[in-house]
$ cat final_9.pdb   # PDB, C-alpha atoms
MODEL        1
ATOM      1  CA  MET A 849      67.299 -12.985 -21.144
ATOM      2  CA  ALA A 850      71.162 -12.767 -21.230
ATOM      3  CA  GLU A 851      73.268 -10.259 -19.333
ATOM      4  CA  VAL A 852      76.974  -9.420 -19.278
ATOM      5  CA  SER A 853      78.887  -6.824 -17.262
ATOM      6  CA  LEU A 854      82.445  -5.441 -17.788
ATOM      7  CA  THR A 855      84.191  -3.587 -14.958
ATOM      8  CA  PHE A 856      87.177  -1.194 -15.326
ATOM      9  CA  GLY A 857      89.259  -0.004 -12.368
ATOM     10  CA  ASP A 858      91.524   3.049 -11.849
ATOM     11  CA  CYS A 859      90.167   4.542 -15.056
ATOM     12  CA  GLU A 860      89.021   7.948 -13.944
ATOM     13  CA  LYS A 861      91.847   9.680 -15.915
ATOM     14  CA  ASP A 862      91.596   7.520 -19.024
ATOM     15  CA  LEU A 863      87.843   7.661 -19.287
ATOM     16  CA  GLY A 864      87.534  11.203 -17.959
ATOM     17  CA  THR A 865      84.997  10.246 -15.275
ATOM     18  CA  ALA A 866      84.743  10.877 -11.572
ATOM     19  CA  TYR A 867      84.432   7.174 -10.759
ATOM     20  CA  ASN A 868      87.381   4.930  -9.903
ATOM     21  CA  GLU A 869      85.503   1.908 -11.216
ATOM     22  CA  VAL A 870      83.230   1.844 -14.207
ATOM     23  CA  THR A 871      80.851  -1.081 -14.853
ATOM     24  CA  ILE A 872      79.260  -1.450 -18.252
ATOM     25  CA  THR A 873      76.274  -3.830 -18.510
ATOM     26  CA  ARG A 874      74.332  -5.106 -21.526
ATOM     27  CA  ARG A 875      71.053  -7.033 -21.219
ATOM     28  CA  VAL A 876      69.608  -8.859 -24.251
ATOM     29  CA  PHE A 877      66.038 -10.193 -24.369
ATOM     30  CA  ARG A 878      64.426 -12.942 -26.439
ATOM     31  CA  ASP A 879      62.754 -10.475 -28.790
ATOM     32  CA  GLY A 880      66.201  -8.958 -29.718
ATOM     33  CA  ALA A 881      65.823  -5.777 -27.654
ATOM     34  CA  SER A 882      68.857  -4.606 -25.660
ATOM     35  CA  GLU A 883      69.377  -2.468 -22.579
ATOM     36  CA  TYR A 884      72.599  -0.759 -21.510
ATOM     37  CA  GLU A 885      73.657   0.397 -18.069
ATOM     38  CA  LEU A 886      76.585   2.488 -16.898
ATOM     39  CA  ASN A 887      77.268   1.897 -13.204
ATOM     40  CA  LYS A 888      73.731   0.404 -12.968
ATOM     41  CA  THR A 889      72.244   3.531 -14.549
ATOM     42  CA  PRO A 890      70.356   3.066 -17.825
ATOM     43  CA  CYS A 891      72.116   4.792 -20.753
ATOM     44  CA  ARG A 892      72.464   4.754 -24.545
ATOM     45  CA  LEU A 893      74.970   2.790 -26.599
ATOM     46  CA  ARG A 894      76.141   6.100 -28.021
ATOM     47  CA  ASP A 895      77.083   7.265 -24.529
ATOM     48  CA  ILE A 896      79.238   4.190 -24.038
ATOM     49  CA  HIS A 897      80.902   4.665 -27.431
ATOM     50  CA  GLY A 898      81.571   8.335 -26.706
ATOM     51  CA  MET A 899      83.166   7.484 -23.368
ATOM     52  CA  PHE A 900      85.600   4.936 -24.897
ATOM     53  CA  MET A 901      86.652   7.030 -27.880
ATOM     54  CA  ASP A 902      90.367   7.902 -28.087
ATOM     55  CA  THR A 903      91.112   5.335 -25.349
ATOM     56  CA  GLY A 904      92.074   2.463 -27.645
ATOM     57  CA  ILE A 905      89.331   0.263 -26.144
ATOM     58  CA  GLY A 906      86.590   0.954 -28.691
ATOM     59  CA  ARG A 907      84.851  -1.561 -30.865
ATOM     60  CA  SER A 908      87.333  -1.061 -33.662
ATOM     61  CA  ALA A 909      90.225   0.329 -31.577
ATOM     62  CA  TYR A 910      93.762  -0.842 -31.780
ATOM     63  CA  SER A 911      94.413  -1.739 -28.144
ATOM     64  CA  ILE A 912      92.375  -4.926 -28.252
ATOM     65  CA  MET A 913      92.201  -6.751 -31.562
ATOM     66  CA  GLU A 914      90.716 -10.106 -32.316
ATOM     67  CA  GLN A 915      92.665 -12.910 -33.998
ATOM     68  CA  GLY A 916      93.231 -12.258 -37.707
ATOM     69  CA  LYS A 917      92.482  -8.518 -37.273
ATOM     70  CA  ILE A 918      96.118  -7.483 -38.086
ATOM     71  CA  ASP A 919      96.101  -9.436 -41.377
ATOM     72  CA  SER A 920      92.774  -7.834 -42.330
ATOM     73  CA  ILE A 921      94.211  -4.409 -41.514
ATOM     74  CA  LEU A 922      97.312  -4.935 -43.614
ATOM     75  CA  SER A 923      95.294  -6.226 -46.530
ATOM     76  CA  SER A 924      92.420  -3.758 -46.162
ATOM     77  CA  ARG A 925      91.746  -0.618 -48.124
ATOM     78  CA  PRO A 926      93.497   2.658 -47.360
ATOM     79  CA  GLU A 927      90.278   4.095 -45.879
ATOM     80  CA  ASP A 928      90.067   1.300 -43.294
ATOM     81  CA  ARG A 929      93.703   1.676 -42.353
ATOM     82  CA  ARG A 930      93.191   5.447 -42.057
ATOM     83  CA  ALA A 931      90.398   4.839 -39.473
ATOM     84  CA  ILE A 932      92.844   2.812 -37.380
ATOM     85  CA  PHE A 933      95.498   5.492 -37.619
ATOM     86  CA  GLU A 934      92.988   8.193 -36.679
ATOM     87  CA  GLU A 935      91.968   6.140 -33.691
ATOM     88  CA  ALA A 936      95.580   5.835 -32.680
ATOM     89  CA  ALA A 937      96.098   9.561 -33.208
ATOM     90  CA  GLY A 938      93.078  10.374 -30.952
ATOM     91  CA  ILE A 939      91.008  12.312 -33.489
ATOM     92  CA  THR A 940      88.207   9.773 -33.901
ATOM     93  CA  LYS A 941      86.244  11.415 -31.143
ATOM     94  CA  TYR A 942      86.368  14.780 -32.790
ATOM     95  CA  LYS A 943      85.469  13.357 -36.147
ATOM     96  CA  SER A 944      82.521  11.623 -34.588
ATOM     97  CA  GLN A 945      81.468  14.877 -32.974
ATOM     98  CA  LYS A 946      81.902  16.616 -36.323
ATOM     99  CA  LYS A 947      79.768  13.983 -37.986
ATOM    100  CA  GLU A 948      77.139  14.378 -35.324
ATOM    101  CA  ALA A 949      77.248  18.175 -35.691
ATOM    102  CA  LEU A 950      76.902  17.910 -39.466
ATOM    103  CA  ARG A 951      73.976  15.539 -39.053
ATOM    104  CA  LYS A 952      72.358  18.005 -36.672
ATOM    105  CA  LEU A 953      73.010  20.828 -39.126
ATOM    106  CA  GLU A 954      71.356  18.817 -41.865
ATOM    107  CA  ASN A 955      68.395  18.195 -39.617
ATOM    108  CA  THR A 956      68.306  21.880 -38.728
ATOM    109  CA  GLU A 957      68.390  22.893 -42.388
ATOM    110  CA  ALA A 958      65.582  20.458 -43.089
ATOM    111  CA  ASN A 959      63.644  21.925 -40.175
ATOM    112  CA  LEU A 960      64.332  25.451 -41.501
ATOM    113  CA  ILE A 961      63.049  24.479 -44.923
ATOM    114  CA  ARG A 962      59.991  22.969 -43.333
ATOM    115  CA  LEU A 963      59.562  26.079 -41.170
ATOM    116  CA  ALA A 964      59.757  28.292 -44.255
ATOM    117  CA  ASP A 965      57.075  26.193 -45.865
ATOM    118  CA  ILE A 966      54.968  26.523 -42.738
ATOM    119  CA  ILE A 967      55.518  30.300 -42.695
ATOM    120  CA  ARG A 968      54.420  30.573 -46.299
ATOM    121  CA  GLU A 969      51.386  28.477 -45.507
ATOM    122  CA  VAL A 970      50.661  30.584 -42.445
ATOM    123  CA  LYS A 971      51.032  33.784 -44.478
ATOM    124  CA  ARG A 972      48.427  32.439 -46.830
ATOM    125  CA  GLN A 973      46.185  31.662 -43.894
ATOM    126  CA  ILE A 974      46.870  34.872 -41.971
ATOM    127  CA  GLY A 975      43.994  36.729 -43.620
ATOM    128  CA  SER A 976      41.590  33.998 -42.659
ATOM    129  CA  LEU A 977      43.176  33.879 -39.221
ATOM    130  CA  GLN A 978      42.789  37.653 -38.865
ATOM    131  CA  ARG A 979      39.141  37.380 -39.781
ATOM    132  CA  GLN A 980      38.800  34.519 -37.359
ATOM    133  CA  ALA A 981      40.665  36.550 -34.736
ATOM    134  CA  GLY A 982      38.235  39.444 -35.311
ATOM    135  CA  LYS A 983      35.352  37.061 -34.955
ATOM    136  CA  ALA A 984      36.992  35.642 -31.859
ATOM    137  CA  ARG A 985      37.443  39.158 -30.386
ATOM    138  CA  ARG A 986      33.840  40.008 -31.204
ATOM    139  CA  TYR A 987      32.779  36.667 -29.766
ATOM    140  CA  GLN A 988      34.820  37.371 -26.658
ATOM    141  CA  ALA A 989      33.203  40.784 -26.277
ATOM    142  CA  SER A 990      29.758  39.330 -26.937
ATOM    143  CA  PHE A 991      30.485  36.519 -24.523
ATOM    144  CA  GLU A 992      31.581  38.980 -21.827
ATOM    145  CA  GLU A 993      28.490  41.102 -22.496
ATOM    146  CA  LEU A 994      26.352  37.952 -22.405
ATOM    147  CA  ALA A 995      28.005  36.920 -19.158
ATOM    148  CA  THR A 996      27.256  40.394 -17.749
ATOM    149  CA  LEU A 997      23.648  40.221 -18.934
ATOM    150  CA  GLU A 998      23.264  36.688 -17.626
ATOM    151  CA  SER A 999      24.713  37.826 -14.318
ATOM    152  CA  ARG A1000      22.242  40.730 -14.160
ATOM    153  CA  PHE A1001      19.421  38.478 -15.287
ATOM    154  CA  GLY A1002      20.454  35.909 -12.703
ATOM    155  CA  ARG A1003      20.479  38.632 -10.063
ATOM    156  CA  HIS A1004      17.041  39.758 -11.199
ATOM    157  CA  GLN A1005      15.777  36.179 -11.112
ATOM    158  CA  PHE A1006      17.375  35.720  -7.711
ATOM    159  CA  ASP A1007      15.603  38.812  -6.376
ATOM    160  CA  THR A1008      12.334  37.698  -7.972
ATOM    161  CA  PHE A1009      12.710  34.170  -6.637
ATOM    162  CA  SER A1010      13.677  35.512  -3.214
ATOM    163  CA  ALA A1011      10.523  37.652  -3.117
ATOM    164  CA  THR A1012       8.477  34.704  -4.369
ATOM    165  CA  ILE A1013      10.072  32.429  -1.790
ATOM    166  CA  SER A1014       9.340  34.961   0.943
ATOM    167  CA  ALA A1015       5.706  35.199  -0.166
ATOM    168  CA  LEU A1016       5.450  31.427  -0.423
ATOM    169  CA  GLN A1017       7.096  31.044   2.970
ATOM    170  CA  THR A1018       4.502  33.432   4.410
ATOM    171  CA  GLU A1019       1.751  31.420   2.747
ATOM    172  CA  VAL A1020       3.315  28.223   4.049
ATOM    173  CA  ASP A1021       3.397  29.664   7.573
ATOM    174  CA  ASN A1022      -0.234  30.729   7.255
ATOM    175  CA  ALA A1023      -1.139  27.348   5.808
ATOM    176  CA  ARG A1024       0.747  25.643   8.656
ATOM    177  CA  GLU A1025      -1.175  27.714  11.196
ATOM    178  CA  LYS A1026      -4.424  26.847   9.435
ATOM    179  CA  GLN A1027      -3.372  23.232   9.385
ATOM    180  CA  GLU A1028      -2.694  23.325  13.115
ATOM    181  CA  GLN A1029      -6.105  24.905  13.653
ATOM    182  CA  LEU A1030      -7.684  22.312  11.403
ATOM    183  CA  ASP A1031      -5.791  19.569  13.230
ATOM    184  CA  ALA A1032      -7.143  20.900  16.507
ATOM    185  CA  GLY A1033     -10.631  21.065  14.974
ATOM    186  CA  VAL A1034     -10.215  17.552  13.613
ATOM    187  CA  SER A1035      -9.125  16.330  17.035
ATOM    188  CA  ALA A1036     -12.176  17.958  18.596
ATOM    189  CA  GLN A1037     -14.392  16.517  15.872
ATOM    190  CA  GLU A1038     -12.791  13.107  16.369
ATOM    191  CA  GLU A1039     -13.537  13.339  20.077
ATOM    192  CA  LYS A1040     -17.120  14.300  19.222
ATOM    193  CA  VAL A1041     -17.293  11.458  16.734
ATOM    194  CA  SER A1042     -15.943   9.079  19.386
ATOM    195  CA  SER A1043     -18.528  10.335  21.845
ATOM    196  CA  ALA A1044     -21.211  10.112  19.155
ATOM    197  CA  ARG A1045     -20.086   6.567  18.392
ATOM    198  CA  SER A1046     -20.390   5.697  22.066
ATOM    199  CA  ASP A1047     -23.867   7.273  22.136
ATOM    200  CA  LEU A1048     -24.661   5.472  18.908
ATOM    201  CA  ALA A1049     -23.574   2.196  20.441
ATOM    202  CA  VAL A1050     -25.883   2.882  23.407
ATOM    203  CA  VAL A1051     -28.697   3.890  21.043
ATOM    204  CA  GLU A1052     -28.080   0.798  18.917
ATOM    205  CA  ALA A1053     -28.179  -1.367  22.041
ATOM    206  CA  GLU A1054     -31.415   0.360  23.099
ATOM    207  CA  LEU A1055     -32.734   0.019  19.534
ATOM    208  CA  LEU A1056     -31.852  -3.666  19.600
ATOM    209  CA  ARG A1057     -33.651  -4.044  22.911
ATOM    210  CA  LEU A1058     -36.647  -2.139  21.555
ATOM    211  CA  ARG A1059     -36.606  -4.273  18.422
ATOM    212  CA  GLU A1060     -36.545  -7.363  20.573
ATOM    213  CA  GLU A1061     -39.408  -5.935  22.633
ATOM    214  CA  GLN A1062     -41.194  -4.984  19.404
ATOM    215  CA  SER A1063     -40.667  -8.508  18.104
ATOM    216  CA  ALA A1064     -41.931  -9.921  21.388
ATOM    217  CA  LEU A1065     -44.898  -7.525  21.325
ATOM    218  CA  ARG A1066     -45.552  -8.388  17.684
ATOM    219  CA  ASN A1067     -45.497 -12.063  18.576
ATOM    220  CA  ALA A1068     -47.741 -11.370  21.567
ATOM    221  CA  LEU A1069     -49.999  -9.289  19.317
ATOM    222  CA  GLU A1070     -50.137 -12.085  16.794
ATOM    223  CA  ARG A1071     -50.968 -14.538  19.557
ATOM    224  CA  ALA A1072     -53.555 -12.072  20.927
ATOM    225  CA  GLU A1073     -55.012 -11.645  17.463
ATOM    226  CA  GLN A1074     -55.141 -15.400  17.115
ATOM    227  CA  ARG A1075     -56.814 -15.652  20.508
ATOM    228  CA  ALA A1076     -59.138 -12.775  19.546
ATOM    229  CA  ALA A1077     -60.012 -14.538  16.318
ATOM    230  CA  THR A1078     -60.587 -17.730  18.266
ATOM    231  CA  ASN A1079     -62.619 -15.826  20.849
ATOM    232  CA  ARG A1080     -64.605 -14.107  18.099
ATOM    233  CA  ALA A1081     -65.339 -17.479  16.616
ATOM    234  CA  ARG A1082     -66.281 -18.761  20.033
ATOM    235  CA  VAL A1083     -68.391 -15.634  20.704
ATOM    236  CA  GLU A1084     -70.156 -16.143  17.405
ATOM    237  CA  GLU A1085     -70.687 -19.753  18.343
ATOM    238  CA  PHE A1086     -71.868 -18.778  21.837
ATOM    239  CA  THR A1087     -74.096 -16.094  20.350
ATOM    240  CA  GLY A1088     -75.734 -18.710  18.175
ATOM    241  CA  LEU A1089     -76.073 -21.038  21.128
ATOM    242  CA  ARG A1090     -77.387 -18.146  23.250
ATOM    243  CA  ASP A1091     -80.003 -17.302  20.655
ATOM    244  CA  GLN A1092     -80.942 -20.953  20.428
ATOM    245  CA  ALA A1093     -81.097 -21.181  24.212
ATOM    246  CA  ARG A1094     -83.179 -18.008  24.407
ATOM    247  CA  GLN A1095     -85.600 -19.505  21.896
ATOM    248  CA  GLU A1096     -85.735 -22.710  23.902
ATOM    249  CA  ILE A1097     -86.177 -20.705  27.135
ATOM    250  CA  ALA A1098     -88.940 -18.684  25.524
ATOM    251  CA  GLY A1099     -90.653 -21.897  24.463
ATOM    252  CA  THR A1100     -90.101 -23.418  27.882
ATOM    253  CA  GLU A1101     -91.414 -20.323  29.625
ATOM    254  CA  GLU A1102     -94.476 -20.472  27.418
ATOM    255  CA  LYS A1103     -94.903 -24.127  28.321
ATOM    256  CA  VAL A1104     -94.340 -23.310  31.989
ATOM    257  CA  ARG A1105     -96.898 -20.521  31.820
ATOM    258  CA  VAL A1106     -99.393 -22.892  30.271
ATOM    259  CA  ALA A1107     -98.476 -25.510  32.862
ATOM    260  CA  GLU A1108     -98.844 -22.914  35.647
ATOM    261  CA  ASP A1109    -102.232 -22.004  34.354
ATOM    262  CA  GLN A1110    -103.157 -25.635  34.204
ATOM    263  CA  LEU A1111    -101.664 -26.219  37.628
ATOM    264  CA  THR A1112    -103.540 -23.260  39.059
ATOM    265  CA  HIS A1113    -106.691 -24.627  37.595
ATOM    266  CA  LEU A1114    -105.900 -28.066  38.903
ATOM    267  CA  ASN A1115    -105.089 -26.712  42.371
ATOM    268  CA  ALA A1116    -108.374 -24.938  42.391
ATOM    269  CA  GLN A1117    -110.108 -28.124  41.399
ATOM    270  CA  VAL A1118    -108.153 -30.080  44.002
ATOM    271  CA  GLU A1119    -109.059 -27.632  46.728
ATOM    272  CA  ASN A1120    -112.633 -27.949  45.733
ATOM    273  CA  PHE A1121    -112.285 -31.707  45.376
ATOM    274  CA  TYR A1122    -110.802 -32.476  48.808
ATOM    275  CA  PRO A1123    -113.828 -31.542  50.894
ATOM    276  CA  ALA A1124    -116.253 -33.066  48.420
ATOM    277  CA  ALA A1125    -114.435 -36.410  48.035
ATOM    278  CA  GLY A1126    -113.278 -36.790  51.575
ATOM    279  CA  ARG A1127    -109.692 -37.574  50.380
ATOM    280  CA  ASP A1128    -106.541 -37.009  52.338
ATOM    281  CA  PRO A1129    -104.853 -33.858  51.060
ATOM    282  CA  ALA A1130    -101.427 -34.946  52.299
ATOM    283  CA  ALA A1131    -101.443 -38.117  50.179
ATOM    284  CA  PHE A1132    -102.423 -36.106  47.228
ATOM    285  CA  ARG A1133     -99.607 -33.646  47.845
ATOM    286  CA  ARG A1134     -97.136 -36.521  48.070
ATOM    287  CA  ARG A1135     -98.324 -37.834  44.785
ATOM    288  CA  ALA A1136     -98.047 -34.384  43.266
ATOM    289  CA  GLY A1137     -94.509 -34.020  44.702
ATOM    290  CA  SER A1138     -93.398 -37.263  43.118
ATOM    291  CA  LEU A1139     -94.793 -36.063  39.824
ATOM    292  CA  ALA A1140     -92.919 -32.777  40.255
ATOM    293  CA  ASP A1141     -89.696 -34.635  40.983
ATOM    294  CA  ALA A1142     -90.159 -36.709  37.860
ATOM    295  CA  HIS A1143     -90.819 -33.525  35.918
ATOM    296  CA  ARG A1144     -87.671 -31.913  37.376
ATOM    297  CA  ALA A1145     -85.533 -34.929  36.503
ATOM    298  CA  ASP A1146     -86.845 -34.842  33.001
ATOM    299  CA  ARG A1147     -85.933 -31.130  32.746
ATOM    300  CA  GLN A1148     -82.421 -31.816  34.037
ATOM    301  CA  ARG A1149     -81.958 -34.629  31.537
ATOM    302  CA  ARG A1150     -83.026 -32.378  28.685
ATOM    303  CA  GLY A1151     -80.677 -29.576  29.904
ATOM    304  CA  GLY A1152     -77.716 -32.032  29.996
ATOM    305  CA  ALA A1153     -78.504 -33.109  26.467
ATOM    306  CA  ARG A1154     -78.476 -29.479  25.357
ATOM    307  CA  ARG A1155     -75.126 -28.916  27.067
ATOM    308  CA  ASN A1156     -73.692 -31.993  25.376
ATOM    309  CA  ARG A1157     -74.830 -30.659  21.996
ATOM    310  CA  GLY A1158     -73.369 -27.188  22.555
ATOM    311  CA  GLY A1159     -70.275 -28.304  24.477
ATOM    312  CA  LYS A1160     -70.491 -25.179  26.703
ATOM    313  CA  ASN A1161     -71.994 -24.084  29.981
ATOM    314  CA  PHE A1162     -74.393 -21.255  29.318
ATOM    315  CA  ASN A1163     -74.221 -20.037  32.901
ATOM    316  CA  ARG A1164     -70.440 -19.449  32.663
ATOM    317  CA  ASN A1165     -70.706 -17.847  29.183
ATOM    318  CA  GLY A1166     -73.464 -15.410  30.068
ATOM    319  CA  CYS A1167     -76.169 -17.012  27.969
ATOM    320  CA  THR A1168     -78.525 -17.517  30.897
ATOM    321  CA  SER A1169     -78.188 -17.324  34.620
ATOM    322  CA  GLY A1170     -79.560 -20.799  35.288
ATOM    323  CA  ARG A1171     -81.229 -19.643  38.487
ATOM    324  CA  SER A1172     -84.720 -20.934  39.060
ATOM    325  CA  ARG A1173     -87.404 -18.410  38.732
ATOM    326  CA  ASN A1174     -89.385 -17.519  41.802
ATOM    327  CA  TRP A1175     -92.782 -17.873  40.316
ATOM    328  CA  PRO A1176     -95.749 -16.965  42.436
ATOM    329  CA  GLY A1177     -97.056 -19.985  44.417
ATOM    330  CA  TRP A1178     -94.026 -22.200  43.488
ATOM    331  CA  ASN A1179     -92.507 -24.246  46.333
ATOM    332  CA  SER A1180     -88.868 -25.030  45.456
ATOM    333  CA  SER A1181     -88.538 -27.631  48.222
ATOM    334  CA  SER A1182     -91.570 -29.680  47.240
ATOM    335  CA  GLY A1183     -91.486 -28.848  43.510
ATOM    336  CA  ILE A1184     -95.153 -27.972  43.315
ATOM    337  CA  PHE A1185     -97.269 -24.883  43.420
ATOM    338  CA  ASN A1186     -98.923 -24.060  46.657
TER     339      ASN A1186
ENDMDL
END

$ encode --input "final_9.pdb" --output "structure tokens"
Amino acid sequence: MAEVSLTFGDCEKDLGTAYNEVTITRRVFRDGASEYELNKTPCRLRDIHGMFMDTGIGRSAYSIMEQGKIDSILSSRPEDRRAIFEEAAGITKYKSQKKEALRKLENTEANLIRLADIIREVKRQIGSLQRQAGKARRYQASFEELATLESRFGRHQFDTFSATISALQTEVDNAREKQEQLDAGVSAQEEKVSSARSDLAVVEAELLRLREEQSALRNALERAEQRAATNRARVEEFTGLRDQARQEIAGTEEKVRVAEDQLTHLNAQVENFYPAAGRDPAAFRRRAGSLADAHRADRQRRGGARRNRGGKNFNRNGCTSGRSRNWPGWNSSSGIFN
């Protein structure tokens, strides 16, 4: 960027400005664009040219001329020399204004011609525009009527919705009251459920205890059944042994009866024999006692053998009492019949 400034002093009369000093600045950029300032205020180049017209300080004025300018003026065409004379006479400014006015008039005439063309075009379109305007007026009226109807319909909907909202609000209040009642009922039911759960826990504990007792009783019952089965087997065995013992006792009793008969007969013979033979009855009784003892020992031996075969004591199992019979004439101390 390049910048140059030119300052003029005591020029308020010559330049027709209110400033004692006038500073003109030009700023040129790399792209060729230029900026102009007048007392640090942006302005146009035309404004600067207009201010220096008729002052002799213009671009082609006579006050300041470059070297060789006088020779070019003297040898130039009459039109060029006339421009210098007009500048010196002070009419360049007015000619420039005249040129500018003519240019504006030409532009205005061109604009008038264009405006006439536009008017003709608009006149051709005015019928369509009138129809469109009628449509627009009808649309405006329809739109206003629609707005009125929409407003009334909106009011009607508002009233309907307000009534609906009021009814729904009433239902909501009723539903809220029912909900509160249901919540209270649910709380009561929850308390009952909690109490029922506590009772259920107690019942379950009792049921567990009863199940344990039932299991224990079932086990005891099974053991009792096993013992009963064992006892039944033993009873059957004892019954068989008892029947066998009863048969043996019956046979023994029969033998004893026969022996008693024989012994009675022998005693009678002995009583008859003692006086006839002159024997000592005491010695004979001792001999008979020893025989009885031998007989008793033999009976005991046979009873032990029976117990060893059966493995049980009949007296303790109720098969037989085991008590000696008190037969008539039997002496338990001596083991013989009197």

$ atom_distance --input "final_9.pdb" --atom1 "atom CA of Ala1032 of chain A" --atom2 "atom CA of Ala1015 of chain A"
25.4 Å

$ closest_residue --input "final_9.pdb" --among "A:Lys888, A:Arg1090, A:Arg972, A:Lys983" --to "Thr871 of chain A" --atoms "only C-alpha atoms"
A:Lys888

$ axis_aligned_box --input "final_9.pdb" --around "segment 1077-1080 of chain A" --padding-each-side "5 Å" --output "JSON"
{"center_x": -62.3, "center_y": -15.9, "center_z": 18.6, "size_x": 14.6, "size_y": 13.6, "size_z": 14.5}

$ atom_distance --input "final_9.pdb" --atom1 "atom CA of Tyr884 of chain A" --atom2 "atom CA of Leu953 of chain A"
27.9 Å

$ atom_distance --input "final_9.pdb" --atom1 "atom CA of Leu886 of chain A" --atom2 "atom CA of Met849 of chain A"
18.5 Å

$ closest_residue --input "final_9.pdb" --among "A:Thr865, A:Thr873, A:Ser1046, A:Ser1035" --to "Met899 of chain A" --atoms "only C-alpha atoms"
A:Thr865
